[in-house]
Structure formats: C-alpha cells, structure tokens
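These notes are about the structure you will find just below.
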Amino acid sequence: DAGVTQSPTHLIKTRGQQVTLRCSPKSGHDTVSWYQQALGQGPQFIFQYYEEEERQRGNFPDRFSGHQFPNYSSELNVNALLLGDSALYLCASSAVVSYNEQFFGPGTRLTVL
Amino acid sequence: GNSVTQMEGPVTLSEEAFLTINCTYTATGYPSLFWYVQYPGEGLQLLLKATKADDKGSNKGFEATYRKETTSFHLEKGSVQVSDSAVYFCAMGEAGTALIFGKGTTLSVSS
C-alpha cells in the first residue's frame with residue numbers, strides 16, 4: 001500500500017516565479033491538507049481539500065492556492081514567489097471519518113533564490 | 001486561541017537513558033493529541049495518539065497520556081536508543097480543524 005507521495009522532491013525557483021507542487025493521498029483517503037514547514041519550525045497549516053473544495057484555510061495569502069482532483073490527488077500553487085516561501089511543503093492525507101489522524105508525505109523542499 | 005507548547009531542545013541523552021519531552025496545549029474544545037517524529041530529510045511520521053482524556057497512546061516503547069486536568073501530553077520512553085535521534089512534534093486537532101503543531105524538540109542520543 002503506497003503511502004502519501006509528493007513531487008517533486010526538490011525545487012529551486014527565483015523570486016516572482018510560480019510553482020506547482022503535487023500530492024497523491026494514501027489509498028482510501030479522501031482529504032488532503034497542505035502544510036508549510038520553515039527551517040527549525042513546526043508545520044503551519046495552509047489549507048485542506050475535501051470533495052474538490054477548499055474546506056479550511058490557514059493564515060496564508062491568496063498567492064497560495066490549491067486544487068483537488070476527482071481521484072483525490074491535489075496540487076498546491078504558489079504565485080509571485082518570495083524568498084520567505086523557501087520551506088518544506090508537506091502534504092497530509094486523511095479519511096473524512098477520522099480527519100484528525102493525518103498521514104504525511106516526504107515533502108517537497110522549495111528554495112527561492 | 002488554540003496552541004501547543006513543547007519544551008525547547010535540543011535534548012541530549014546517552015543510550016538507555018529515560019526520556020521525557022513536555023507538551024502542553026490550549027484548546028477551547030476537546031482535541032485529539034498526537035506525537036509525530038521527523039527523521040533528517042524526511043516527512044512526519046505519526047508516533048502515537050490519544051483521542052480523549054486519560055487515554056494513553058503508545059508505540060515503539062514511547063508513551064504519552066492525555067491529561068485534561070493539566071492540559072498536557074508528555075512523551076516518555078524508558079530507554080532511548082541511538083536510532084531514536086530525531087525531531088519530535090506534539091500536535092493537537094479538534095474535530096473539523098487542522099492540526100496545530102508545537103515547534104519541535106530535537107533529540108540526540110549518543111552511544
């Protein structure tokens with residue numbers, strides 16, 4: 001059983017560019033959450049998708065947007081990248097019946113130069 | 001607002017020593033509580049969980065008890081190993097909300 005997968009593993013972008021990160025949830029899971037983890041910090045919640053809709057959003061600007069597809073996979077898009085967007089981006093999946101138990105992927109390391 | 005506070009690290013121990021990492025939470029409702037572990041260069045792995053007061057979560061020799069009266073969920077292990085070296089995150093989640101994490105505690109175990 002494949003767990004949560006994310007792509008790419010690493011990414012280097014320059015300020016002002018746009019980036020798309022991808023996530024496939026664990027089999028049987030229908031809810032995907034995205035977190036940003038800055039170096040030396042705990043993960044911060046960006047948003048959560050269920051039934052292809054954003055269900056909840058953290059304190060992140062509109063430059064951060066997402067999408068969930070019918071197969072439950074998800075994308076995170078960040079526009080107009082800033083140096084401060086450099087972080088590990090973690091995707092977590094869960095089943096709606098137990099959405100507090102989230103399983104995390106390995107993350108995408110984004111570096112903005 | 002809701003928050004999680006865990007002890008600052010790093011925690012440095014010798015192999016077979018006893019481990020305690022303190023975690024307290026502030027919540028308006030009745031959250032589930034979690035400990036996650038992150039090994040270098042990897043994502044987070046769920047270590048253990050507790051969903052209601054007085055529940056004890058346990059896994060791989062680690063334990064934590066949900067203490068509502070002290071709003072705490074301290075992580076303990078009786079005898080740590082070098083392979084336990086990692087960053088440990090305490091987290092809480094109320095029904096219908098995202099997980100809120102502490103800042104993490106780095107554990108380093110030497111042989």
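Ordered as shown in the structure tokens, chains take letters A, B, and onward, while each chain numbers its residues from 1 and ligands are numbered from 1 in the order shown.
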Which chain A residues are at most 6 Å from chain B (counting only C-alpha atoms), as an MDAnalysis selection string?
-> chainID A and resid 41:42 100 104:107
Export of prior selection with N, CA, C and O atoms as a JSON list (two decimals), in the first residue's frame:
[["chain", "number", "residue", "atom", "x", "y", "z"],
["A", 41, "GLN", "N", 11.19, 24.95, 12.43],
["A", 41, "GLN", "CA", 9.85, 25.25, 12.95],
["A", 41, "GLN", "C", 8.92, 24.06, 12.77],
["A", 41, "GLN", "O", 9.22, 23.12, 12.03],
["A", 42, "GLY", "N", 7.79, 24.13, 13.45],
["A", 42, "GLY", "CA", 6.76, 23.13, 13.24],
["A", 42, "GLY", "C", 5.95, 23.46, 12.00],
["A", 42, "GLY", "O", 5.94, 24.60, 11.53],
["A", 100, "ASN", "N", -8.69, 13.86, 11.85],
["A", 100, "ASN", "CA", -7.63, 14.33, 12.71],
["A", 100, "ASN", "C", -6.39, 13.46, 12.63],
["A", 100, "ASN", "O", -5.32, 13.87, 13.04],
["A", 104, "PHE", "N", 1.48, 11.87, 6.60],
["A", 104, "PHE", "CA", 2.26, 12.84, 5.86],
["A", 104, "PHE", "C", 3.13, 12.20, 4.78],
["A", 104, "PHE", "O", 3.64, 11.09, 4.95],
["A", 105, "GLY", "N", 3.30, 12.94, 3.71],
["A", 105, "GLY", "CA", 4.26, 12.58, 2.68],
["A", 105, "GLY", "C", 5.65, 13.06, 3.05],
["A", 105, "GLY", "O", 5.83, 13.72, 4.07],
["A", 106, "PRO", "N", 6.64, 12.75, 2.21],
["A", 106, "PRO", "CA", 8.02, 13.12, 2.50],
["A", 106, "PRO", "C", 8.31, 14.60, 2.32],
["A", 106, "PRO", "O", 9.34, 15.09, 2.77],
["A", 107, "GLY", "N", 7.41, 15.30, 1.63],
["A", 107, "GLY", "CA", 7.59, 16.73, 1.46],
["A", 107, "GLY", "C", 8.31, 17.12, 0.18],
["A", 107, "GLY", "O", 8.99, 16.31, -0.46]]
Distance query Ala86 of chain B at most 8 Å, only C-alpha atoms, self and fewer than 5 positions along chain excluded, as JSON, numbers by chain | {"B": [37, 38, 39, 40, 106, 107, 108]}
Where in chain A does DSSP assign strand (DSSP E), given as a PyMOL selection string?
-> chain A and resi 5-7+10-13+19-24+31-37+44-50+53-57+64-68+74-78+87-94+103-104+108-112
Atom CA of Asn77 of chain A to atom CA of Ser33 of chain A, distance in Å rounded to a single decimal |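 Interatomic distance, atom CA of Asn77 of chain A to atom CA of Ser33 of chain A: 13.3 Å.
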Kindly give the distance, in Å, that separates atom CA of Asp55 of chain B and atom CA of Phe103 of chain A, rounded to a single decimal.
->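 So the answer is 20.8 Å.
You can rank A:Glu101, A:Asp30, A:Glu53, A:Asp85 by their closest distance to Ser73 of chain A using only C-alpha atoms, and at the top of that list sits A:Asp30.
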Å distance separating atom CA of Val78 of chain A from atom CA of Gly1 of chain B, one decimal place =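 Atom-to-atom, atom CA of Val78 of chain A and atom CA of Gly1 of chain B are spaced 27.2 Å apart.
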Give me the residues within 8 Å of Ala53 of chain B as a PyMOL selection string, counting only C-alpha atoms and dropping any in the same chain fewer than 5 places off.
-> chain B and resi 66-68
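Using only C-alpha atoms, the protein and nucleic acid residues lying no more than 6 Å from segment 57-68 of chain A, apart from those fewer than 3 places from it along its own chain, are Phe45, Ile46, Phe47, Glu52, Tyr72, Ser73, Ser74, Glu75, Leu76, Asn77, Val78 and Asn79 of chain A.
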Near-segment 13-23 of chain A list (9 Å; only C-alpha atoms; drop same-chain fewer than 2 positions) as an MDAnalysis selection string | chainID A and resid 4:8 11 25 32 66 73:83 89:92 105 108 110:113
Dump N, CA and C atoms for the selected residues as an mmCIF file, in the first residue's frame?
data_model
loop_
_atom_site.group_PDB
_atom_site.id
_atom_site.type_symbol
_atom_site.label_atom_id
_atom_site.label_comp_id
_atom_site.auth_asym_id
_atom_site.auth_seq_id
_atom_site.Cartn_x
_atom_site.Cartn_y
_atom_site.Cartn_z
ATOM 1 N N VAL A 4 1.477 8.372 1.268
ATOM 2 C CA VAL A 4 1.325 9.663 0.622
ATOM 3 C C VAL A 4 2.584 9.950 -0.199
ATOM 4 N N THR A 5 2.386 10.318 -1.450
ATOM 5 C CA THR A 5 3.535 10.634 -2.287
ATOM 6 C C THR A 5 3.462 12.081 -2.728
ATOM 7 N N GLN A 6 4.627 12.695 -2.898
ATOM 8 C CA GLN A 6 4.709 14.083 -3.303
ATOM 9 C C GLN A 6 5.760 14.241 -4.397
ATOM 10 N N SER A 7 5.518 15.200 -5.278
ATOM 11 C CA SER A 7 6.518 15.503 -6.298
ATOM 12 C C SER A 7 6.506 16.996 -6.607
ATOM 13 N N PRO A 8 7.649 17.541 -6.977
ATOM 14 C CA PRO A 8 8.963 16.902 -6.964
ATOM 15 C C PRO A 8 9.529 16.835 -5.540
ATOM 16 N N LEU A 11 13.021 21.587 -5.398
ATOM 17 C CA LEU A 11 12.687 22.555 -6.429
ATOM 18 C C LEU A 11 13.409 23.853 -6.116
ATOM 19 N N PRO A 25 -2.722 11.117 -2.286
ATOM 20 C CA PRO A 25 -3.007 10.669 -0.914
ATOM 21 C C PRO A 25 -2.850 9.163 -0.758
ATOM 22 N N VAL A 32 -7.145 16.003 1.743
ATOM 23 C CA VAL A 32 -5.735 16.370 1.628
ATOM 24 C C VAL A 32 -5.515 17.727 2.281
ATOM 25 N N GLY A 66 -4.898 26.147 -4.298
ATOM 26 C CA GLY A 66 -4.817 24.704 -4.451
ATOM 27 C C GLY A 66 -5.937 24.150 -5.289
ATOM 28 N N SER A 73 -6.193 13.332 -5.592
ATOM 29 C CA SER A 73 -4.880 13.957 -5.593
ATOM 30 C C SER A 73 -5.036 15.471 -5.554
ATOM 31 N N SER A 74 -3.947 16.152 -5.245
ATOM 32 C CA SER A 74 -4.052 17.592 -5.016
ATOM 33 C C SER A 74 -2.812 18.314 -5.513
ATOM 34 N N GLU A 75 -2.997 19.582 -5.815
ATOM 35 C CA GLU A 75 -1.895 20.470 -6.171
ATOM 36 C C GLU A 75 -1.893 21.687 -5.258
ATOM 37 N N LEU A 76 -0.695 22.164 -5.000
ATOM 38 C CA LEU A 76 -0.506 23.434 -4.299
ATOM 39 C C LEU A 76 0.204 24.367 -5.268
ATOM 40 N N ASN A 77 -0.358 25.531 -5.491
ATOM 41 C CA ASN A 77 0.239 26.527 -6.362
ATOM 42 C C ASN A 77 0.634 27.752 -5.539
ATOM 43 N N VAL A 78 1.817 28.258 -5.812
ATOM 44 C CA VAL A 78 2.255 29.490 -5.166
ATOM 45 C C VAL A 78 2.697 30.449 -6.258
ATOM 46 N N ASN A 79 2.083 31.628 -6.293
ATOM 47 C CA ASN A 79 2.420 32.657 -7.270
ATOM 48 C C ASN A 79 3.332 33.697 -6.662
ATOM 49 N N ALA A 80 4.017 34.423 -7.543
ATOM 50 C CA ALA A 80 4.844 35.561 -7.121
ATOM 51 C C ALA A 80 5.719 35.188 -5.919
ATOM 52 N N LEU A 81 6.535 34.186 -6.116
ATOM 53 C CA LEU A 81 7.339 33.640 -5.028
ATOM 54 C C LEU A 81 8.207 34.702 -4.353
ATOM 55 N N LEU A 82 8.278 34.578 -3.030
ATOM 56 C CA LEU A 82 9.134 35.418 -2.207
ATOM 57 C C LEU A 82 10.223 34.559 -1.581
ATOM 58 N N LEU A 83 11.304 35.223 -1.169
ATOM 59 C CA LEU A 83 12.366 34.472 -0.508
ATOM 60 C C LEU A 83 11.834 33.711 0.706
ATOM 61 N N TYR A 89 7.403 21.781 2.038
ATOM 62 C CA TYR A 89 5.948 21.752 1.911
ATOM 63 C C TYR A 89 5.473 20.313 2.058
ATOM 64 N N LEU A 90 4.645 20.116 3.050
ATOM 65 C CA LEU A 90 4.184 18.784 3.406
ATOM 66 C C LEU A 90 2.720 18.617 3.034
ATOM 67 N N CYS A 91 2.437 17.479 2.458
ATOM 68 C CA CYS A 91 1.066 17.098 2.164
ATOM 69 C C CYS A 91 0.669 16.008 3.145
ATOM 70 N N ALA A 92 -0.537 16.081 3.642
ATOM 71 C CA ALA A 92 -1.038 15.062 4.561
ATOM 72 C C ALA A 92 -2.407 14.608 4.084
ATOM 73 N N GLY A 105 3.304 12.943 3.707
ATOM 74 C CA GLY A 105 4.257 12.576 2.681
ATOM 75 C C GLY A 105 5.651 13.060 3.054
ATOM 76 N N THR A 108 8.130 18.375 -0.204
ATOM 77 C CA THR A 108 8.860 18.997 -1.309
ATOM 78 C C THR A 108 9.660 20.153 -0.732
ATOM 79 N N LEU A 110 11.315 23.438 -1.244
ATOM 80 C CA LEU A 110 11.320 24.563 -2.180
ATOM 81 C C LEU A 110 12.347 25.592 -1.730
ATOM 82 N N THR A 111 13.225 25.954 -2.637
ATOM 83 C CA THR A 111 14.205 27.009 -2.377
ATOM 84 C C THR A 111 13.938 28.139 -3.360
ATOM 85 N N VAL A 112 13.760 29.340 -2.824
ATOM 86 C CA VAL A 112 13.531 30.521 -3.652
ATOM 87 C C VAL A 112 14.769 31.411 -3.574
ATOM 88 N N LEU A 113 15.356 31.680 -4.723
ATOM 89 C CA LEU A 113 16.588 32.486 -4.769
ATOM 90 C C LEU A 113 16.307 33.895 -5.243
#
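For Thr24 of chain B, the list of residues within 6 Å, based on only C-alpha atoms and with local chain neighbours fewer than 5 positions off taken out, reads Val4, Thr5, Thr71 and Ser72 of chain B.
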Go ahead and save the picked residues with N, CA and C atoms, as a PDB file, in the first residue's frame.
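File produced: out_25.pdb:
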ATOM      1  N   VAL B   4      -0.093  24.883  20.946  1.00  0.00           N
ATOM      2  CA  VAL B   4       0.677  23.786  21.536  1.00  0.00           C
ATOM      3  C   VAL B   4       2.049  24.320  21.911  1.00  0.00           C
ATOM      4  N   THR B   5       2.474  24.011  23.120  1.00  0.00           N
ATOM      5  CA  THR B   5       3.793  24.428  23.586  1.00  0.00           C
ATOM      6  C   THR B   5       4.568  23.192  24.009  1.00  0.00           C
ATOM      7  N   THR B  71      -3.791  19.832  31.077  1.00  0.00           N
ATOM      8  CA  THR B  71      -3.700  20.091  29.614  1.00  0.00           C
ATOM      9  C   THR B  71      -2.319  19.719  29.093  1.00  0.00           C
ATOM     10  N   SER B  72      -1.932  18.479  29.351  1.00  0.00           N
ATOM     11  CA  SER B  72      -0.600  18.028  28.963  1.00  0.00           C
ATOM     12  C   SER B  72      -0.641  16.693  28.230  1.00  0.00           C
TER      13      SER B  72
END
From the set A:Gln102, A:Glu51, A:Ile12, A:Gly84, which residue has the shortest atom-to-atom contact distance to Tyr35 of chain A, counting only C-alpha atoms?
->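 Result for the nearest residue to Tyr35 of chain A: A:Gln102.
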